[in-house]
>>> print(open('upload_4.txt').read())   # compact mmCIF, C-alpha atoms
# COMPACT_ATOMS: atom_id res chain seq x y z
CA MET A 1 -22.95 -6.62 -14.72
CA SER A 2 -21.23 -7.33 -17.98
CA ARG A 3 -18.05 -5.39 -18.67
CA GLU A 4 -19.41 -4.35 -22.07
CA THR A 5 -22.44 -2.66 -20.55
CA HIS A 6 -22.40 0.92 -19.27
CA VAL A 7 -25.28 2.03 -17.11
CA GLN A 8 -26.44 5.41 -15.81
CA PHE A 9 -28.73 5.59 -12.79
CA CYS A 10 -31.05 8.61 -12.77
CA GLU A 11 -31.88 9.95 -9.32
CA GLY A 12 -35.12 11.60 -8.32
CA LEU A 13 -33.69 15.12 -8.51
CA GLY A 14 -32.28 14.58 -11.98
CA VAL A 15 -28.71 13.86 -10.81
CA GLN A 16 -26.93 11.26 -12.91
CA SER A 17 -24.08 9.14 -11.66
CA PRO A 18 -21.27 8.48 -14.16
CA GLY A 19 -21.44 5.41 -16.34
CA ALA A 20 -19.55 2.37 -15.08
CA THR A 21 -19.58 -1.40 -15.15
CA HIS A 22 -19.56 -1.98 -11.37
CA ARG A 23 -21.65 -0.49 -8.57
CA ASN A 24 -21.46 -0.80 -4.81
CA ILE A 25 -24.57 -0.01 -2.76
CA PHE A 26 -24.13 0.36 1.00
CA VAL A 27 -27.02 -0.16 3.40
CA ARG A 28 -27.36 -0.59 7.15
CA SER A 29 -28.18 -4.29 7.42
CA GLU A 30 -28.04 -7.57 5.53
CA ARG A 31 -31.83 -7.65 5.33
CA ALA A 32 -31.84 -4.24 3.68
CA GLY A 33 -29.13 -5.45 1.35
CA GLN A 34 -31.24 -8.40 0.21
CA ARG A 35 -34.20 -6.09 -0.40
CA VAL A 36 -32.14 -3.59 -2.40
CA MET A 37 -30.50 -6.39 -4.37
CA GLU A 38 -33.87 -7.74 -5.49
CA SER A 39 -35.25 -4.33 -6.43
CA THR A 40 -32.08 -3.47 -8.35
CA ARG A 41 -32.18 -6.82 -10.11
CA ARG A 42 -35.78 -6.27 -11.23
CA PHE A 43 -34.95 -2.78 -12.48
CA LEU A 44 -31.91 -3.86 -14.48
CA GLU A 45 -33.46 -6.99 -15.97
CA SER A 46 -36.97 -5.73 -16.67
CA LYS A 47 -36.48 -2.02 -17.39
CA LEU A 48 -33.00 -1.90 -18.88
CA ARG A 49 -32.94 -5.51 -20.12
CA LEU A 50 -29.44 -6.10 -18.83
CA GLN A 51 -27.97 -9.35 -17.58
CA ILE A 52 -26.37 -9.39 -14.14
CA ASN A 53 -23.12 -11.27 -13.59
CA GLU A 54 -24.05 -13.53 -10.68
CA GLU A 55 -20.43 -14.38 -9.87
CA LYS A 56 -19.61 -10.71 -9.20
CA SER A 57 -22.91 -9.75 -7.55
CA SER A 58 -23.57 -10.50 -3.90
CA VAL A 59 -24.76 -9.17 -0.56
CA THR A 60 -21.82 -9.09 1.82
CA SER A 61 -20.25 -7.07 4.61
CA PRO A 62 -18.16 -3.96 3.83
CA ASP A 63 -15.03 -5.77 5.05
CA ASN A 64 -15.25 -8.10 2.05
CA VAL A 65 -15.84 -5.38 -0.54
CA HIS A 66 -12.87 -4.59 -2.77
CA PHE A 67 -13.48 -1.62 -5.05
CA LEU A 68 -10.90 0.16 -7.21
CA GLY A 69 -8.09 -1.23 -5.07
CA PHE A 70 -9.67 -0.36 -1.71
CA ARG A 71 -11.55 -2.19 1.03
CA PHE A 72 -13.92 -0.59 3.49
CA SER A 73 -14.87 -1.33 7.08
CA ILE A 74 -16.62 0.37 9.97
CA GLY A 75 -14.68 1.57 12.98
CA ASP A 76 -15.73 3.10 16.27
CA GLY A 77 -18.46 5.70 16.08
CA ALA A 78 -19.53 4.67 12.56
CA HIS A 79 -16.14 5.79 11.27
CA VAL A 80 -15.45 4.42 7.78
CA LYS A 81 -11.98 2.93 7.42
CA VAL A 82 -10.46 2.95 3.93
CA GLN A 83 -7.59 0.54 3.42
CA MET A 84 -5.76 -1.22 0.60
CA SER A 85 -7.43 -4.34 -0.72
CA ALA A 86 -5.65 -7.68 -0.58
CA LYS A 87 -5.08 -7.57 -4.35
CA THR A 88 -3.53 -4.13 -4.09
CA GLN A 89 -1.15 -5.28 -1.36
CA GLY A 90 -0.12 -8.25 -3.47
CA ARG A 91 0.50 -6.09 -6.53
CA LEU A 92 2.51 -3.61 -4.45
CA ARG A 93 4.72 -6.38 -3.04
CA THR A 94 5.31 -7.70 -6.54
CA LYS A 95 6.23 -4.24 -7.81
CA VAL A 96 8.63 -3.67 -4.93
CA ARG A 97 10.36 -6.95 -5.77
CA GLU A 98 10.62 -5.89 -9.41
CA LEU A 99 12.11 -2.52 -8.48
CA THR A 100 14.63 -4.01 -6.02
CA PRO A 101 15.95 -7.26 -7.52
CA ARG A 102 18.67 -8.99 -5.55
CA THR A 103 20.97 -8.86 -8.58
CA TRP A 104 20.63 -5.10 -9.10
CA GLY A 105 23.66 -4.12 -11.18
CA GLN A 106 23.38 -0.34 -11.15
CA SER A 107 24.04 2.20 -8.43
CA LEU A 108 21.80 2.52 -5.41
CA LYS A 109 20.98 6.07 -6.49
CA ALA A 110 19.42 4.77 -9.70
CA CYS A 111 17.37 2.28 -7.68
CA PHE A 112 16.20 5.03 -5.33
CA GLU A 113 15.10 7.19 -8.25
CA GLU A 114 12.94 4.43 -9.75
CA VAL A 115 11.35 3.60 -6.41
CA ASN A 116 10.65 7.26 -5.61
CA GLU A 117 9.06 7.87 -9.00
CA TYR A 118 6.77 4.85 -8.65
CA PHE A 119 5.77 5.65 -5.07
CA ARG A 120 4.83 9.24 -5.89
CA GLY A 121 2.55 8.13 -8.70
CA TRP A 122 1.11 5.30 -6.63
CA MET A 123 0.23 7.59 -3.73
CA GLY A 124 -1.71 9.86 -6.10
CA HIS A 125 -4.46 7.23 -6.10
CA PHE A 126 -4.16 5.69 -2.63
CA ARG A 127 -3.80 8.88 -0.63
CA ILE A 128 -7.49 8.68 0.31
CA CYS A 129 -6.73 5.82 2.71
CA THR A 130 -7.56 6.63 6.31
CA GLU A 131 -5.12 6.34 9.20
CA GLU A 132 -5.85 2.62 9.51
CA GLY A 133 -4.78 2.12 5.91
CA ALA A 134 -1.77 4.42 6.28
CA SER A 135 -0.46 2.29 9.13
CA GLU A 136 -0.02 -0.53 6.61
CA PHE A 137 2.36 1.67 4.63
CA ARG A 138 4.93 1.43 7.41
CA GLY A 139 5.27 -2.30 6.81
CA PHE A 140 5.97 -1.77 3.11
CA ASP A 141 8.54 0.92 3.94
CA ALA A 142 10.35 -1.45 6.30
CA HIS A 143 10.22 -4.27 3.74
CA LEU A 144 11.70 -1.98 1.08
CA ARG A 145 14.57 -0.92 3.33
CA ARG A 146 15.43 -4.54 4.05
CA ARG A 147 15.45 -5.40 0.35
CA LEU A 148 17.82 -2.51 -0.31
CA ARG A 149 20.14 -3.70 2.45
CA ALA A 150 20.13 -7.11 0.77
CA ILE A 151 21.19 -5.47 -2.50
CA ILE A 152 24.12 -3.82 -0.71
CA ILE A 153 25.26 -7.19 0.69
CA HIS A 154 25.04 -8.79 -2.74
CA GLN A 155 27.01 -6.00 -4.41
CA LYS A 156 29.91 -6.36 -1.97
CA LYS A 157 30.51 -9.89 -3.29
CA ARG A 158 33.01 -11.09 -0.66
CA ALA A 159 32.63 -11.23 3.10
CA ARG A 160 35.84 -9.28 3.80
CA PHE A 161 34.73 -6.47 1.49
CA LEU A 162 31.40 -6.23 3.29
CA TYR A 163 33.12 -6.32 6.68
CA ARG A 164 35.38 -3.37 5.82
CA HIS A 165 32.48 -1.44 4.35
CA LEU A 166 30.30 -1.84 7.44
CA VAL A 167 33.12 -0.80 9.76
CA GLN A 168 33.72 2.31 7.67
CA ARG A 169 30.04 3.20 7.99
CA GLY A 170 30.06 3.08 11.79
CA ALA A 171 29.32 -0.54 12.69
CA SER A 172 31.46 -2.09 15.40
CA SER A 173 33.88 -4.89 14.53
CA ARG A 174 31.66 -7.42 16.26
CA GLN A 175 28.52 -6.21 14.47
CA ALA A 176 30.27 -6.12 11.09
CA ALA A 177 31.75 -9.59 11.55
CA GLY A 178 28.42 -11.04 12.65
CA THR A 179 26.87 -9.78 9.42
CA ALA A 180 29.66 -10.33 6.92
CA TYR A 181 30.80 -13.77 8.07
CA SER A 182 27.43 -15.22 8.97
CA ARG A 183 26.60 -18.48 7.22
CA ARG A 184 22.98 -17.52 6.91
CA GLY A 185 21.54 -16.23 3.65
CA ILE A 186 21.50 -12.66 2.39
CA TRP A 187 17.92 -12.06 3.49
CA HIS A 188 18.72 -13.01 7.07
CA ARG A 189 21.90 -10.92 7.14
CA SER A 190 20.07 -7.88 5.74
CA ASN A 191 18.44 -7.44 9.16
CA ARG A 192 21.49 -8.10 11.31
CA PRO A 193 22.75 -5.34 13.68
CA GLY A 194 25.70 -4.65 11.42
CA MET A 195 23.48 -3.67 8.49
CA THR A 196 20.94 -1.71 10.53
CA LYS A 197 23.77 0.19 12.23
CA ALA A 198 25.58 1.01 8.98
CA TYR A 199 22.37 1.80 7.12
CA PRO A 200 19.82 3.02 9.70
CA ASN A 201 16.32 4.15 8.90
CA ALA A 202 17.41 7.77 9.20
CA TRP A 203 19.84 7.30 6.30
CA PHE A 204 17.13 5.85 4.07
CA ALA A 205 14.87 8.78 4.97
CA THR A 206 17.29 11.09 3.17
CA GLN A 207 17.35 8.90 0.06
CA LEU A 208 13.91 7.33 -0.26
CA THR A 209 10.38 8.63 -0.50
CA SER A 210 8.48 6.84 2.24
CA LEU A 211 4.91 5.76 1.53
CA HIS A 212 3.81 6.79 5.00
CA ASP A 213 5.51 10.19 4.69
CA LEU A 214 3.82 10.75 1.32
CA TRP A 215 0.45 9.96 2.89
CA CYS A 216 1.13 12.42 5.73
CA LEU A 217 1.95 15.14 3.21
CA ALA A 218 -1.27 14.45 1.31
CA ASN A 219 -3.32 14.35 4.54
CA PRO A 220 -2.03 17.09 6.84
CA PRO A 221 -3.54 17.15 10.34
CA VAL A 222 -6.39 19.54 10.97
CA GLU A 223 -5.13 22.62 12.72
CA VAL A 224 -6.84 23.50 15.97
CA SER A 225 -7.15 27.17 16.83
CA ASP A 226 -5.33 28.25 19.97
CA GLN A 227 -8.16 30.66 20.74
CA LEU A 228 -10.88 28.97 22.75
CA ARG A 229 -14.12 30.66 23.64
CA LEU A 230 -15.92 29.50 26.78
CA VAL A 231 -19.65 30.11 26.89
CA PHE A 232 -21.47 29.87 30.22
>>> encode(input="upload_4.txt", output="structure tokens")
Amino acid sequence: MSRETHVQFCEGLGVQSPGATHRNIFVRSERAGQRVMESTRRFLESKLRLQINEEKSSVTSPDNVHFLGFRFSIGDGAHVKVQMSAKTQGRLRTKVRELTPRTWGQSLKACFEEVNEYFRGWMGHFRICTEEGASEFRGFDAHLRRRLRAIIIHQKKRARFLYRHLVQRGASSRQAAGTAYSRRGIWHRSNRPGMTKAYPNAWFATQLTSLHDLWCLANPPVEVSDQLRLVF
């Protein structure tokens, strides 16, 4: 439908859904989808005299539906999986790159604060993802840690400065040398044993707000009572 048009659908019991410019209708089969599409088209065009945007209207599977930043699919036992859409993942990657530029000139603490603030606000909307969607958060957390390690390498400027720094943080001489004096680029060295030893995931956990941890806080597991009653 046109973005300038707001529609309210009135249900049989007098319940009204909020006005919006886009609607998703889920049915059990493609045949049912075609039938509902035609009936909805007739109602909108004949009763409400609205014009449907054909480019944005279609009958497709739930896997291809992207709505408000989410995509939906069916798992085992008719379980509905809620995950980030492809556009959302692309926007999140872009934002992470903006928050962690290679040439970051301030302290790491200032970078952590900006990332934490953004992630907390971001999770306020995407906390409704199911476990399948939350598993994708781990990849973004790992990508963020690697970008921060790359910032550390860039800030040390010279190889000998980086070598001394890594040794001071617990990396062995061999690990530190393999990272500091490698001829590969910064991105490759950010995942070398010297960097992961000096800056392990546990250290980042004390500084950063993990997307997956935020999701776990917003979706605590259901507690099971330790009192079981057996009925024979």
>>> closest_residue(input="upload_4.txt", among="A:Ala159, A:Ala86, A:Cys111, A:Val36", to="Arg183 (chain A)", atoms="all atoms listed in the file")
A:Ala159
>>> closest_residue(input="upload_4.txt", among="A:Phe67, A:Tyr199, A:Tyr181, A:Trp104", to="Leu166 (chain A)", atoms="all atoms listed in the file")
A:Tyr199
>>> closest_residue(input="upload_4.txt", among="A:Ser135, A:Ser29, A:Ser73, A:Thr130", to="His212 (chain A)", atoms="only C-alpha atoms")
A:Ser135
>>> closest_residue(input="upload_4.txt", among="A:Arg41, A:Arg120, A:Met195, A:Asn24", to="Asn53 (chain A)", atoms="all atoms listed in the file")
A:Arg41
>>> residues_around(input="upload_4.txt", residues="Arg189 (chain A)", least_positions_apart="4", cutoff="8 Å", atoms="only C-alpha atoms", output="PyMOL selection string")
chain A and resi 150+179-180+182+184-185+195
>>> atom_distance(input="upload_4.txt", atom1="CA of Phe119 (chain A)", atom2="CA of His79 (chain A)")
27.3 Å
>>> atom_distance(input="upload_4.txt", atom1="CA of Ala205 (chain A)", atom2="CA of Thr103 (chain A)")
23.1 Å
